[in-house]
Amino acid sequence: MVLLADMGNTNVTVAGWGDGGRVFELRLPTDHSWDGAAYTTALREGLAGAGQADALFEGAALCSVVPPLNEAVCAALQAVCGSAPVQLSRRGNTGGVDIFTDDPDEVGNDLLAGAIAATALAPMPAIVADLGTATTFTAQDKGGSILGVAIAPGVAMGLEALAGRASQLFSVAIQGPKAAIGTNTVASLQSGVVLGAAALLDGMTDRMEEELNGEATLVVTGGLAPVVLPYCRRKAIHVPDLVLEGLYRYWQLNR
């Protein structure tokens, strides 16, 4: 089993991963006040809570979009695993996934990890949609390399902005509406948020396919994918653990 850590701006998702996929998962905060010792303590406590206090790990890997905390999280992973973790980077062995944007260093490592996984799991070319804090679309060519990205506000972020800035609106549960035409505030918000996200996925895929000059596989991941996907008109491959899958494959190539 390998210990994987996917560090985003809000949480660090830590997972035990084997050839069959995720064995367990826990979350730590992305906290800029924490040092290596704090992350080590939190990681050990999290593993104990997941029933993995005595687990043996073959190695560890980190995918991060928060570079200032890389050293602290790597220290925790090394303390638990006994060896320095592999850190995902476009400069490592990505299995042939290149980045052909104006500035490849601008492309988040989470998008690179997702592209590595998508290349292995889906026919290329592909468009990877990640419904996370932001909604991102990553266009990959026939070889799996990244051609470019589109970034939109995330589904939950959009709802929070409405609730916070419009005096007559409020936060609601993000769930599928019964109809596009809402007849009360809750139904109207759910329609706009969920069906709007589905329409965004359909529409951006259509536009990117035009620029790719042909059909592309739509691969969808992110926490809200199960809510939005049933309302999409496009067929899609749903991979819940796409970033972790890509990080594990990267570890296999670079251990």
# chains A, B, ... in the order shown; residues from 1 in each chain; ligands from 1
>>> residues_around(residues="stretch 1-12 of chain A", least_positions_apart="3", cutoff="8 Å", atoms="only C-alpha atoms", output="JSON list (two decimals) with all heavy atoms, in the first residue's frame")
[["chain", "number", "residue", "atom", "x", "y", "z"],
["A", 15, "ALA", "N", -4.78, 9.26, 1.38],
["A", 15, "ALA", "CA", -5.39, 7.97, 1.07],
["A", 15, "ALA", "C", -4.35, 6.87, 1.06],
["A", 15, "ALA", "O", -3.21, 7.08, 0.63],
["A", 15, "ALA", "CB", -6.10, 8.03, -0.29],
["A", 16, "GLY", "N", -4.74, 5.72, 1.53],
["A", 16, "GLY", "CA", -3.95, 4.52, 1.33],
["A", 16, "GLY", "C", -4.39, 3.91, 0.02],
["A", 16, "GLY", "O", -5.59, 3.74, -0.23],
["A", 17, "TRP", "N", -3.43, 3.58, -0.84],
["A", 17, "TRP", "CA", -3.76, 3.17, -2.21],
["A", 17, "TRP", "C", -3.02, 1.89, -2.58],
["A", 17, "TRP", "O", -1.83, 1.75, -2.32],
["A", 17, "TRP", "CB", -3.38, 4.29, -3.19],
["A", 17, "TRP", "CG", -4.11, 4.24, -4.50],
["A", 17, "TRP", "CD1", -3.71, 3.58, -5.63],
["A", 17, "TRP", "CD2", -5.34, 4.87, -4.82],
["A", 17, "TRP", "NE1", -4.63, 3.77, -6.63],
["A", 17, "TRP", "CE2", -5.65, 4.56, -6.16],
["A", 17, "TRP", "CE3", -6.23, 5.67, -4.09],
["A", 17, "TRP", "CZ2", -6.80, 5.03, -6.79],
["A", 17, "TRP", "CZ3", -7.37, 6.13, -4.71],
["A", 17, "TRP", "CH2", -7.65, 5.82, -6.05],
["A", 18, "GLY", "N", -3.75, 0.99, -3.18],
["A", 18, "GLY", "CA", -3.15, -0.24, -3.70],
["A", 18, "GLY", "C", -3.52, -0.43, -5.14],
["A", 18, "GLY", "O", -4.18, 0.43, -5.75],
["A", 27, "ARG", "N", -8.97, 13.23, 5.86],
["A", 27, "ARG", "CA", -8.70, 14.61, 5.45],
["A", 27, "ARG", "C", -8.05, 15.40, 6.59],
["A", 27, "ARG", "O", -8.45, 15.28, 7.75],
["A", 27, "ARG", "CB", -9.99, 15.32, 5.02],
["A", 27, "ARG", "CG", -10.55, 14.78, 3.71],
["A", 27, "ARG", "CD", -11.83, 15.50, 3.32],
["A", 27, "ARG", "NE", -12.42, 14.92, 2.14],
["A", 27, "ARG", "CZ", -12.14, 15.31, 0.90],
["A", 27, "ARG", "NH1", -11.28, 16.29, 0.69],
["A", 27, "ARG", "NH2", -12.70, 14.72, -0.13],
["A", 28, "LEU", "N", -7.05, 16.18, 6.22],
["A", 28, "LEU", "CA", -6.40, 17.11, 7.13],
["A", 28, "LEU", "C", -6.61, 18.52, 6.60],
["A", 28, "LEU", "O", -6.78, 18.71, 5.40],
["A", 28, "LEU", "CB", -4.90, 16.81, 7.23],
["A", 28, "LEU", "CG", -4.50, 15.38, 7.61],
["A", 28, "LEU", "CD1", -2.98, 15.24, 7.57],
["A", 28, "LEU", "CD2", -5.04, 15.02, 8.97],
["A", 29, "PRO", "N", -6.57, 19.52, 7.45],
["A", 29, "PRO", "CA", -6.74, 20.89, 6.96],
["A", 29, "PRO", "C", -5.47, 21.40, 6.26],
["A", 29, "PRO", "O", -4.36, 20.99, 6.61],
["A", 29, "PRO", "CB", -7.00, 21.69, 8.24],
["A", 29, "PRO", "CG", -6.30, 20.91, 9.30],
["A", 29, "PRO", "CD", -6.46, 19.46, 8.93],
["A", 30, "THR", "N", -5.67, 22.24, 5.27],
["A", 30, "THR", "CA", -4.54, 22.96, 4.69],
["A", 30, "THR", "C", -4.33, 24.19, 5.55],
["A", 30, "THR", "O", -4.99, 25.21, 5.37],
["A", 30, "THR", "CB", -4.84, 23.34, 3.23],
["A", 30, "THR", "OG1", -5.09, 22.16, 2.47],
["A", 30, "THR", "CG2", -3.66, 24.09, 2.61],
["A", 56, "LEU", "N", 1.68, -0.59, 7.15],
["A", 56, "LEU", "CA", 3.00, -0.47, 6.54],
["A", 56, "LEU", "C", 2.84, 0.05, 5.11],
["A", 56, "LEU", "O", 2.03, -0.47, 4.34],
["A", 56, "LEU", "CB", 3.71, -1.82, 6.53],
["A", 56, "LEU", "CG", 4.00, -2.43, 7.91],
["A", 56, "LEU", "CD1", 4.64, -3.80, 7.75],
["A", 56, "LEU", "CD2", 4.89, -1.51, 8.72],
["A", 57, "PHE", "N", 3.59, 1.09, 4.79],
["A", 57, "PHE", "CA", 3.47, 1.71, 3.48],
["A", 57, "PHE", "C", 4.75, 1.51, 2.67],
["A", 57, "PHE", "O", 5.86, 1.69, 3.18],
["A", 57, "PHE", "CB", 3.17, 3.21, 3.62],
["A", 57, "PHE", "CG", 1.87, 3.49, 4.31],
["A", 57, "PHE", "CD1", 1.85, 3.87, 5.66],
["A", 57, "PHE", "CD2", 0.67, 3.35, 3.64],
["A", 57, "PHE", "CE1", 0.66, 4.13, 6.30],
["A", 57, "PHE", "CE2", -0.53, 3.61, 4.28],
["A", 57, "PHE", "CZ", -0.54, 3.99, 5.61],
["A", 58, "GLU", "N", 4.55, 1.15, 1.42],
["A", 58, "GLU", "CA", 5.68, 0.92, 0.52],
["A", 58, "GLU", "C", 6.37, 2.23, 0.15],
["A", 58, "GLU", "O", 7.54, 2.26, -0.21],
["A", 58, "GLU", "CB", 5.17, 0.21, -0.72],
["A", 58, "GLU", "CG", 6.24, -0.29, -1.67],
["A", 58, "GLU", "CD", 5.65, -1.02, -2.85],
["A", 58, "GLU", "OE1", 4.43, -1.28, -2.86],
["A", 58, "GLU", "OE2", 6.43, -1.34, -3.78],
["A", 59, "GLY", "N", 5.63, 3.31, 0.21],
["A", 59, "GLY", "CA", 6.16, 4.61, -0.15],
["A", 59, "GLY", "C", 5.06, 5.65, -0.03],
["A", 59, "GLY", "O", 3.95, 5.35, 0.41],
["A", 60, "ALA", "N", 5.36, 6.88, -0.45],
["A", 60, "ALA", "CA", 4.39, 7.96, -0.36],
["A", 60, "ALA", "C", 4.58, 8.90, -1.54],
["A", 60, "ALA", "O", 5.65, 8.96, -2.15],
["A", 60, "ALA", "CB", 4.54, 8.73, 0.95],
["A", 61, "ALA", "N", 3.52, 9.64, -1.85],
["A", 61, "ALA", "CA", 3.58, 10.62, -2.93],
["A", 61, "ALA", "C", 2.70, 11.80, -2.58],
["A", 61, "ALA", "O", 1.67, 11.66, -1.92],
["A", 61, "ALA", "CB", 3.14, 9.99, -4.26],
["A", 62, "LEU", "N", 3.11, 12.98, -3.05],
["A", 62, "LEU", "CA", 2.38, 14.22, -2.78],
["A", 62, "LEU", "C", 2.06, 14.94, -4.08],
["A", 62, "LEU", "O", 2.93, 15.15, -4.92],
["A", 62, "LEU", "CB", 3.21, 15.14, -1.88],
["A", 62, "LEU", "CG", 2.68, 16.58, -1.70],
["A", 62, "LEU", "CD1", 1.36, 16.59, -0.94],
["A", 62, "LEU", "CD2", 3.72, 17.45, -0.99],
["A", 63, "CYS", "N", 0.80, 15.33, -4.22],
["A", 63, "CYS", "CA", 0.37, 16.24, -5.27],
["A", 63, "CYS", "C", -0.10, 17.50, -4.57],
["A", 63, "CYS", "O", -1.01, 17.45, -3.73],
["A", 63, "CYS", "CB", -0.76, 15.62, -6.10],
["A", 63, "CYS", "SG", -1.50, 16.77, -7.30],
["A", 64, "SER", "N", 0.49, 18.64, -4.89],
["A", 64, "SER", "CA", 0.19, 19.86, -4.14],
["A", 64, "SER", "C", 0.00, 21.06, -5.05],
["A", 64, "SER", "O", 0.71, 21.23, -6.03],
["A", 64, "SER", "CB", 1.34, 20.16, -3.16],
["A", 64, "SER", "OG", 1.20, 21.44, -2.59],
["A", 65, "VAL", "N", -0.97, 21.90, -4.67],
["A", 65, "VAL", "CA", -1.12, 23.21, -5.30],
["A", 65, "VAL", "C", -0.87, 24.31, -4.27],
["A", 65, "VAL", "O", -1.22, 25.47, -4.49],
["A", 65, "VAL", "CB", -2.52, 23.37, -5.94],
["A", 65, "VAL", "CG1", -2.72, 22.37, -7.06],
["A", 65, "VAL", "CG2", -3.64, 23.25, -4.91],
["A", 66, "VAL", "N", -0.26, 23.93, -3.14],
["A", 66, "VAL", "CA", 0.08, 24.88, -2.07],
["A", 66, "VAL", "C", 1.57, 24.70, -1.74],
["A", 66, "VAL", "O", 1.93, 24.15, -0.70],
["A", 66, "VAL", "CB", -0.78, 24.65, -0.82],
["A", 66, "VAL", "CG1", -0.60, 25.80, 0.17],
["A", 66, "VAL", "CG2", -2.26, 24.51, -1.18],
["A", 77, "LEU", "N", 4.72, 12.77, 5.86],
["A", 77, "LEU", "CA", 4.67, 11.54, 5.07],
["A", 77, "LEU", "C", 5.92, 10.71, 5.29],
["A", 77, "LEU", "O", 5.85, 9.48, 5.41],
["A", 77, "LEU", "CB", 4.51, 11.88, 3.58],
["A", 77, "LEU", "CG", 3.19, 12.55, 3.17],
["A", 77, "LEU", "CD1", 3.25, 12.98, 1.71],
["A", 77, "LEU", "CD2", 2.01, 11.63, 3.41],
["A", 81, "CYS", "N", 6.13, 6.93, 6.70],
["A", 81, "CYS", "CA", 6.54, 5.88, 5.75],
["A", 81, "CYS", "C", 8.01, 5.48, 5.87],
["A", 81, "CYS", "O", 8.39, 4.41, 5.41],
["A", 81, "CYS", "CB", 6.27, 6.35, 4.32],
["A", 81, "CYS", "SG", 4.53, 6.61, 3.98],
["A", 110, "ASP", "N", -2.64, 19.25, -9.66],
["A", 110, "ASP", "CA", -3.84, 18.42, -9.61],
["A", 110, "ASP", "C", -4.39, 18.16, -11.02],
["A", 110, "ASP", "O", -4.86, 17.05, -11.31],
["A", 110, "ASP", "CB", -4.91, 19.07, -8.73],
["A", 110, "ASP", "CG", -5.23, 20.50, -9.14],
["A", 110, "ASP", "OD1", -4.42, 21.15, -9.83],
["A", 110, "ASP", "OD2", -6.31, 20.98, -8.75],
["A", 243, "VAL", "N", -7.62, 12.28, -9.37],
["A", 243, "VAL", "CA", -6.33, 12.86, -9.00],
["A", 243, "VAL", "C", -5.48, 11.84, -8.25],
["A", 243, "VAL", "O", -4.28, 11.68, -8.52],
["A", 243, "VAL", "CB", -6.52, 14.14, -8.17],
["A", 243, "VAL", "CG1", -5.18, 14.64, -7.63],
["A", 243, "VAL", "CG2", -7.17, 15.23, -9.01],
["A", 244, "LEU", "N", -6.07, 11.12, -7.31],
["A", 244, "LEU", "CA", -5.33, 10.10, -6.57],
["A", 244, "LEU", "C", -4.88, 8.97, -7.50],
["A", 244, "LEU", "O", -3.77, 8.45, -7.36],
["A", 244, "LEU", "CB", -6.19, 9.54, -5.43],
["A", 244, "LEU", "CG", -6.50, 10.52, -4.30],
["A", 244, "LEU", "CD1", -7.50, 9.91, -3.33],
["A", 244, "LEU", "CD2", -5.22, 10.92, -3.55],
["A", 247, "LEU", "N", -1.92, 10.31, -9.28],
["A", 247, "LEU", "CA", -0.78, 10.42, -8.37],
["A", 247, "LEU", "C", -0.17, 9.05, -8.12],
["A", 247, "LEU", "O", 1.07, 8.92, -8.07],
["A", 247, "LEU", "CB", -1.21, 11.05, -7.05],
["A", 247, "LEU", "CG", -0.14, 11.26, -5.98],
["A", 247, "LEU", "CD1", 1.01, 12.10, -6.50],
["A", 247, "LEU", "CD2", -0.76, 11.90, -4.73],
["A", 248, "TYR", "N", -0.99, 8.02, -7.98],
["A", 248, "TYR", "CA", -0.47, 6.66, -7.78],
["A", 248, "TYR", "C", 0.31, 6.20, -9.01],
["A", 248, "TYR", "O", 1.40, 5.62, -8.89],
["A", 248, "TYR", "CB", -1.62, 5.71, -7.49],
["A", 248, "TYR", "CG", -1.19, 4.26, -7.32],
["A", 248, "TYR", "CD1", -0.37, 3.88, -6.26],
["A", 248, "TYR", "CD2", -1.60, 3.28, -8.22],
["A", 248, "TYR", "CE1", 0.02, 2.57, -6.09],
["A", 248, "TYR", "CE2", -1.21, 1.96, -8.06],
["A", 248, "TYR", "CZ", -0.39, 1.61, -7.00],
["A", 248, "TYR", "OH", 0.00, 0.30, -6.85]]
>>> select_by_dssp(residues="stretch 118-206 of chain A", states="strand (DSSP E or B)", output="ChimeraX atom specification")
/A:126-131,134-140,146-153
>>> select_by_dssp(residues="stretch 1-241 of chain A", states="alpha helix (DSSP H)", output="JSON, numbers by chain")
{"A": [36, 37, 38, 39, 40, 41, 42, 43, 44, 45, 46, 47, 48, 49, 70, 71, 72, 73, 74, 75, 76, 77, 78, 79, 80, 81, 109, 110, 111, 112, 113, 114, 115, 116, 117, 118, 119, 120, 121, 155, 156, 157, 158, 159, 160, 161, 162, 163, 164, 165, 185, 186, 187, 188, 189, 190, 196, 197, 198, 199, 200, 201, 202, 203, 204, 205, 206, 207, 208, 209, 210, 211, 212, 225, 226, 227, 228]}
>>> atom_distance(atom1="atom CA of A:Thr221", atom2="atom CA of A:Ala118")
10.3 Å
>>> decode(residues="stretch 142-153 of chain A", atoms="all heavy atoms", output="short mmCIF file (atom, residue, chain, number, x, y, z; two decimals), in the first residue's frame")
data_model
loop_
_atom_site.label_atom_id
_atom_site.label_comp_id
_atom_site.auth_asym_id
_atom_site.auth_seq_id
_atom_site.Cartn_x
_atom_site.Cartn_y
_atom_site.Cartn_z
N LYS A 142 -4.53 13.78 -28.63
CA LYS A 142 -4.60 12.34 -28.88
C LYS A 142 -3.55 11.56 -28.09
O LYS A 142 -3.71 10.37 -27.83
CB LYS A 142 -4.45 12.07 -30.38
CG LYS A 142 -5.62 12.56 -31.21
CD LYS A 142 -5.42 12.25 -32.69
CE LYS A 142 -6.63 12.72 -33.50
NZ LYS A 142 -6.45 12.45 -34.96
N GLY A 143 -2.46 12.23 -27.72
CA GLY A 143 -1.42 11.57 -26.94
C GLY A 143 -1.59 11.76 -25.44
O GLY A 143 -0.77 11.26 -24.66
N GLY A 144 -2.61 12.50 -25.04
CA GLY A 144 -2.85 12.73 -23.63
C GLY A 144 -2.25 14.00 -23.07
O GLY A 144 -2.46 14.34 -21.90
N SER A 145 -1.48 14.71 -23.89
CA SER A 145 -0.85 15.94 -23.40
C SER A 145 -1.88 17.05 -23.22
O SER A 145 -2.89 17.11 -23.92
CB SER A 145 0.25 16.40 -24.36
OG SER A 145 1.33 15.47 -24.34
N ILE A 146 -1.58 17.95 -22.28
CA ILE A 146 -2.50 19.05 -21.95
C ILE A 146 -2.30 20.20 -22.93
O ILE A 146 -1.20 20.74 -23.07
CB ILE A 146 -2.26 19.52 -20.51
CG1 ILE A 146 -2.60 18.40 -19.52
CG2 ILE A 146 -3.08 20.77 -20.21
CD1 ILE A 146 -2.25 18.72 -18.08
N LEU A 147 -3.39 20.58 -23.59
CA LEU A 147 -3.33 21.69 -24.54
C LEU A 147 -3.75 23.00 -23.90
O LEU A 147 -3.31 24.07 -24.33
CB LEU A 147 -4.26 21.40 -25.73
CG LEU A 147 -3.92 20.16 -26.56
CD1 LEU A 147 -4.95 19.98 -27.67
CD2 LEU A 147 -2.52 20.28 -27.15
N GLY A 148 -4.60 22.93 -22.90
CA GLY A 148 -5.07 24.14 -22.25
C GLY A 148 -6.16 23.83 -21.25
O GLY A 148 -6.61 22.69 -21.13
N VAL A 149 -6.58 24.87 -20.55
CA VAL A 149 -7.50 24.71 -19.43
C VAL A 149 -8.51 25.85 -19.44
O VAL A 149 -8.19 26.97 -19.87
CB VAL A 149 -6.73 24.71 -18.09
CG1 VAL A 149 -7.69 24.58 -16.90
CG2 VAL A 149 -5.68 23.61 -18.05
N ALA A 150 -9.73 25.57 -19.00
CA ALA A 150 -10.72 26.62 -18.71
C ALA A 150 -11.10 26.51 -17.24
O ALA A 150 -11.23 25.40 -16.71
CB ALA A 150 -11.95 26.45 -19.59
N ILE A 151 -11.26 27.65 -16.58
CA ILE A 151 -11.55 27.67 -15.14
C ILE A 151 -12.79 28.54 -14.90
O ILE A 151 -12.86 29.68 -15.36
CB ILE A 151 -10.37 28.24 -14.34
CG1 ILE A 151 -9.09 27.45 -14.64
CG2 ILE A 151 -10.68 28.20 -12.85
CD1 ILE A 151 -7.83 28.07 -14.03
N ALA A 152 -13.75 27.96 -14.20
CA ALA A 152 -14.97 28.68 -13.83
C ALA A 152 -15.18 28.57 -12.32
O ALA A 152 -14.60 27.69 -11.67
CB ALA A 152 -16.18 28.09 -14.57
N PRO A 153 -16.00 29.43 -11.73
CA PRO A 153 -16.30 29.28 -10.30
C PRO A 153 -16.92 27.91 -10.03
O PRO A 153 -17.68 27.39 -10.84
CB PRO A 153 -17.31 30.41 -10.03
CG PRO A 153 -17.06 31.41 -11.10
CD PRO A 153 -16.67 30.62 -12.31
#
